[in-house]
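I have placed the structure first, in the form of structure tokens, so that the comments after it can refer back to it.
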Amino acid sequence: MWDSESESVTGRDYGNGILSSSKHGVKTDGFEQRDHSWYVATDIPSDFLVQVGDVNFHLHKYPLLSRSGKMNRLIYESRDLDLNKVALDDLPGGPEAFELAAKFCYGIAVDLTAANISGLRCAAEYLEMTEDLEEGNLIFKTEAFLSYVVLSSWRDSILVLKSSEKLSPWAENLQIVRRCSESIAWKACANPKGIRWAYKGKPPKVSSPKWNEMKDSSPSRNSQVPPDWWFEDVSILRIDHFVRVITAIKVKGMRFELIGAAIVHYAGKWLPGLIQNGGGFIDEASNSSNSNSNSSSGGISWKGGLHMIVAGTKDDTPTVQAKDQRMIIESLISIIPPQKDSVSCSFLLRLLRMANMLKVAPALVTELEKRVGMQFEQATLADLLVPSYNKNETLFDVDLVQRLLEHFLVQEQTESSSPSRQTFSDKNMHDGTQRSANTSSKMRVARLVDSYLTEVSRDRNLSLTKFQVLAEALPESARTCDDGLYRAIDSYLKAHPSLSEHERKRLCRVMDCQKLSIDACMHAAQNERLPLRVVVQVLFSEQVKISNSLANNTLKESSEAQYQPMISNRKTLLEGTPLSFQEGWATAKKDINTLKFELETVKAKYLELQNDMENLQRKFDKMTNKKQTSAWTTGWKKLSKFTKMTNLENNEIGSQVAAPEEQTRKTPGRWRNSIS
């Protein structure tokens, strides 16, 4: 059943490889073609003309009426027994399928292949060639060939599904697409080890699969089959059939990483603009995309490719091509697995860029933006630089990045607050790991946003509000250092020299001066574009850092003296540190020593001034004491001392005697004060 090496491309042995009818009313040697007309090679003149498109078939009524219910109805329902002409413009499969059906009616051998079976099966259904008219009619035989030959072969299932692209809706209604899709999905999910079917792998750069050259590429039983062996074969399908196959593969339970890789492979083949714009996802997809799109085994006129990402705009795209590309993007968005890492963030952002350019449905664009938000920490700056396709707007779509950042923060909040069914200890460990992972992802996103702000700040159309909102979207804990943010602010000030002082202050509020490095502080202190208040804040924060460094250095020296046996060698530690850090630390240490020396000098000068002041004070006191001393003042001082001693003795005698004595004592006191 699986041994497909014995299968032939030109025909299949179903009853010795030939389909034929055992009964026919007209003896013939075959059909002859003259210009755009077919004639039966017989001596009996034709009495019935069938027009299929621009091809005429000169046939006989009896062979057709004996096997086709459609022909019976057309002739007898017309009530014209002399009817000799019928037009079948809507026959599925066209003139090729009707030629095979007519040969079957005449009993001529017909070769059934994977390339013609779907068209012949639909034509038989259209002509109503059922078992009611004759046993073993065309519907029965084509259905048997599909079920027992085609669906058992990987290659034939792919080829029949490809040839069914121009047979809608007949192929859908007859379940040909569904059965082939499920057959392909089952074989893709099965373990190919020990199954000898041919697969393409990574073929030469050809326009379509060469099925008869697959024997040499078939893996042996001992060789290891790569997990992506089916990608190239499935990628030749039209987008709607590819969606059917991927949906069936999902139901079978294939890993989401492989499904995502198959979607990326398909997008690289049919949307090469994803690869041409940077990096590339698939090695050979962009090189073979044009040939694959222009020629296919099913005769599809699809022309894939998107070549106007950089040079053109959406207005330059042909309408039909734009619609086809829009349909591919919308279909791919709808089948991407919901798991986080099923496809890369870079692929999602490039798909989002094309979706915005081609005006994809807003609901699908929003869904794609949420998917990017789930993996936003994996994005790169080049992927975020999405052009803005609205005229009179900024050069890059800043609002898009703002929405992506909001989706990322919502996702982080959801993951951190989601409950878990774990034990208390396991839950604590999980919470700690989750918290550290969230912090690291936010730090990566903060660096990415700072780089993006630096890039877009050169745009003169970027408003201050948009810049400020995007810079303040992340929490303060996401940035441990604001050097990147300072670089973006400085770039914005360069590109917008007409900002007022109030706007400059408002812009600088998004930056924390205490989170700037020493180099950034030195640059900011000399930056004339910054407001004076910000420069003062930078200088103050730098002074605080130097003081903290001084204190830490003193503490470090004391700890080194205490725990010196634990440290092997200071020279060894210095050799292990980066050279730039050593040079920066040496410069900082030199500045600290200079400040120490200046501080000691100021202390010494202060002590000298204090001693001089004390000497001057003593000399001044001596001079004032000599001027105030005289015989008159000395006599009065002795008299006042004598009066105080008398008062103390009188207080010890008693309260009754003390009152009159106090009165007599107060009178000379008032007299003395008045005289003096």
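Every chain in the structure tokens takes a letter, A first, then B, and so on in the order presented; its residues are numbered from 1, and the ligands are numbered from 1 following the presented order.
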Within 12 Å of A:His36 using only C-alpha atoms, minus same-chain residues under 6 positions, as a compact mmCIF listing (two decimals) with all heavy atoms, in the first residue's frame:
# COMPACT_ATOMS: atom_id res chain seq x y z
N GLN A 51 -20.32 21.39 -27.63
CA GLN A 51 -19.37 22.49 -27.49
C GLN A 51 -18.98 22.64 -26.02
O GLN A 51 -19.83 22.85 -25.16
CB GLN A 51 -19.99 23.80 -27.99
CG GLN A 51 -20.20 23.86 -29.49
CD GLN A 51 -20.77 25.19 -29.92
OE1 GLN A 51 -21.33 25.94 -29.11
NE2 GLN A 51 -20.65 25.51 -31.21
N VAL A 52 -17.70 22.52 -25.75
CA VAL A 52 -17.15 22.72 -24.40
C VAL A 52 -16.10 23.82 -24.51
O VAL A 52 -14.99 23.60 -25.00
CB VAL A 52 -16.53 21.43 -23.84
CG1 VAL A 52 -16.02 21.66 -22.42
CG2 VAL A 52 -17.53 20.29 -23.88
N GLY A 53 -16.49 24.99 -24.08
CA GLY A 53 -15.61 26.13 -24.25
C GLY A 53 -15.46 26.48 -25.71
O GLY A 53 -16.44 26.67 -26.44
N ASP A 54 -14.23 26.56 -26.20
CA ASP A 54 -13.97 26.85 -27.61
C ASP A 54 -13.61 25.61 -28.40
O ASP A 54 -13.07 25.70 -29.51
CB ASP A 54 -12.85 27.89 -27.73
CG ASP A 54 -11.57 27.42 -27.05
OD1 ASP A 54 -11.64 26.39 -26.31
OD2 ASP A 54 -10.53 28.07 -27.22
N VAL A 55 -13.89 24.43 -27.86
CA VAL A 55 -13.59 23.16 -28.52
C VAL A 55 -14.90 22.48 -28.89
O VAL A 55 -15.82 22.41 -28.06
CB VAL A 55 -12.73 22.25 -27.61
CG1 VAL A 55 -12.43 20.93 -28.32
CG2 VAL A 55 -11.43 22.96 -27.23
N ASN A 56 -14.98 21.94 -30.12
CA ASN A 56 -16.16 21.24 -30.61
C ASN A 56 -15.88 19.75 -30.69
O ASN A 56 -14.81 19.32 -31.16
CB ASN A 56 -16.56 21.76 -32.00
CG ASN A 56 -16.96 23.22 -31.97
OD1 ASN A 56 -17.55 23.69 -30.99
ND2 ASN A 56 -16.65 23.94 -33.05
N PHE A 57 -16.83 18.94 -30.22
CA PHE A 57 -16.74 17.49 -30.29
C PHE A 57 -17.87 16.99 -31.20
O PHE A 57 -19.06 17.17 -30.88
CB PHE A 57 -16.89 16.88 -28.89
CG PHE A 57 -15.73 17.18 -27.97
CD1 PHE A 57 -15.71 18.34 -27.20
CD2 PHE A 57 -14.66 16.31 -27.88
CE1 PHE A 57 -14.65 18.62 -26.36
CE2 PHE A 57 -13.60 16.57 -27.04
CZ PHE A 57 -13.59 17.73 -26.28
N HIS A 58 -17.49 16.36 -32.34
CA HIS A 58 -18.45 15.80 -33.29
C HIS A 58 -18.65 14.33 -32.93
O HIS A 58 -17.82 13.48 -33.27
CB HIS A 58 -17.93 15.97 -34.72
CG HIS A 58 -17.74 17.41 -35.11
ND1 HIS A 58 -18.73 18.18 -35.67
CD2 HIS A 58 -16.64 18.23 -35.00
CE1 HIS A 58 -18.28 19.40 -35.89
NE2 HIS A 58 -17.00 19.45 -35.50
N PRO A 95 -12.50 21.00 -21.62
CA PRO A 95 -12.44 20.07 -22.76
C PRO A 95 -11.63 18.81 -22.49
O PRO A 95 -11.94 17.74 -23.02
CB PRO A 95 -11.80 20.91 -23.87
CG PRO A 95 -12.05 22.33 -23.48
CD PRO A 95 -12.03 22.35 -21.98
Can you pull out every residue within 7 Å of A:Glu330, counting only C-alpha atoms, but drop anything in the same chain fewer than 3 positions away, and send it as a PyMOL selection string? chain A and resi 326-327+333-334+360+364
Suppose we keep C-alpha atoms; can you now write the selection as a PDB file, in the first residue's frame?
ATOM      1  CA  ARG A 326      -4.333  39.888   1.488  1.00  0.00           C
ATOM      2  CA  MET A 327      -6.151  36.553   1.426  1.00  0.00           C
ATOM      3  CA  ILE A 333      -2.926  34.638  10.701  1.00  0.00           C
ATOM      4  CA  SER A 334      -5.980  32.474  11.354  1.00  0.00           C
ATOM      5  CA  VAL A 360      -6.021  43.371   6.266  1.00  0.00           C
ATOM      6  CA  LEU A 364      -7.018  39.926  12.390  1.00  0.00           C
TER       7      LEU A 364
END
Within 7 Å of A:Val160 using only C-alpha atoms, minus same-chain residues under 6 positions, as a list of chain:residue names: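 Skipping anything fewer than 6 positions along the chain leaves A:Ala114, A:Ala115, A:Ser118.
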Report as JSON, numbers by chain: the residues of stretch 70-247 of chain A with a DSSP assignment of helix (DSSP H, G or I), based on the backbone of this structure. {"A": [70, 71, 72, 73, 74, 75, 76, 94, 95, 96, 97, 98, 99, 100, 101, 102, 103, 104, 105, 117, 118, 119, 120, 121, 122, 123, 124, 125, 126, 138, 139, 140, 141, 142, 143, 144, 145, 146, 147, 148, 149, 150, 154, 155, 156, 157, 158, 159, 160, 161, 162, 163, 164, 165, 166, 170, 171, 172, 173, 176, 177, 178, 179, 180, 181, 182, 183, 184, 185, 186, 187, 188, 189, 211, 212, 213, 231, 232, 233, 234, 239, 240, 241, 242, 243, 244, 245, 246, 247]}
So how many Å separate atom CA of A:Ser416 and atom CA of A:Leu258, to one decimal?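 Between atom CA of A:Ser416 and atom CA of A:Leu258 the gap is 28.5 Å.
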Give me, as JSON, numbers by chain, all polymer residues having an atom no more than 8 Å from stretch 344-350 of chain A, counting only C-alpha atoms and skipping those fewer than 5 positions away in the same chain. {"A": [264, 274, 281, 368, 371, 372, 375, 376, 378, 379, 380, 383, 384]}
Dump N, CA and C atoms for the selected residues as an mmCIF file, in the first residue's frame?
data_model
loop_
_atom_site.group_PDB
_atom_site.id
_atom_site.type_symbol
_atom_site.label_atom_id
_atom_site.label_comp_id
_atom_site.auth_asym_id
_atom_site.auth_seq_id
_atom_site.Cartn_x
_atom_site.Cartn_y
_atom_site.Cartn_z
ATOM 1 N N VAL A 264 5.708 29.278 8.275
ATOM 2 C CA VAL A 264 6.782 30.197 7.891
ATOM 3 C C VAL A 264 7.343 29.819 6.523
ATOM 4 N N LEU A 274 8.682 39.025 2.778
ATOM 5 C CA LEU A 274 9.078 38.777 4.164
ATOM 6 C C LEU A 274 10.566 38.508 4.267
ATOM 7 N N PHE A 281 14.047 33.853 6.260
ATOM 8 C CA PHE A 281 13.602 32.788 7.136
ATOM 9 C C PHE A 281 13.914 31.422 6.553
ATOM 10 N N LEU A 368 -3.085 39.671 15.580
ATOM 11 C CA LEU A 368 -1.654 39.549 15.307
ATOM 12 C C LEU A 368 -0.846 40.437 16.244
ATOM 13 N N ARG A 371 -0.459 38.672 19.465
ATOM 14 C CA ARG A 371 0.543 37.607 19.372
ATOM 15 C C ARG A 371 1.959 38.176 19.473
ATOM 16 N N VAL A 372 2.178 39.331 18.844
ATOM 17 C CA VAL A 372 3.495 39.969 18.950
ATOM 18 C C VAL A 372 3.757 40.409 20.389
ATOM 19 N N GLN A 375 5.399 37.892 22.652
ATOM 20 C CA GLN A 375 6.817 37.601 22.435
ATOM 21 C C GLN A 375 7.609 38.877 22.179
ATOM 22 N N PHE A 376 7.150 39.984 22.739
ATOM 23 C CA PHE A 376 7.743 41.280 22.411
ATOM 24 C C PHE A 376 9.200 41.374 22.849
ATOM 25 N N GLN A 378 11.419 39.314 22.350
ATOM 26 C CA GLN A 378 12.266 38.699 21.326
ATOM 27 C C GLN A 378 12.442 39.575 20.099
ATOM 28 N N ALA A 379 11.795 40.719 20.057
ATOM 29 C CA ALA A 379 11.840 41.576 18.870
ATOM 30 C C ALA A 379 13.196 42.258 18.753
ATOM 31 N N THR A 380 13.481 42.713 17.545
ATOM 32 C CA THR A 380 14.694 43.480 17.278
ATOM 33 C C THR A 380 14.302 44.871 16.785
ATOM 34 N N ASP A 383 13.001 45.088 13.159
ATOM 35 C CA ASP A 383 11.624 44.632 12.959
ATOM 36 C C ASP A 383 10.604 45.657 13.440
ATOM 37 N N LEU A 384 10.971 46.470 14.430
ATOM 38 C CA LEU A 384 10.028 47.455 14.966
ATOM 39 C C LEU A 384 9.903 48.701 14.093
#
Distance in Å - atom CA of A:Thr439 versus atom CA of A:Gln411: 13.2 Å
What is the distance, in Å and to one decimal place, between atom CA of A:Glu528 and atom CA of A:Tyr486?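 One can read the atom CA of A:Glu528 to atom CA of A:Tyr486 distance as 13.9 Å.
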May I ask which of the residues A:Ala446, A:Thr601, A:Val50, A:Arg504 is the closest one to A:Ala478, counting only C-alpha atoms? A:Ala446
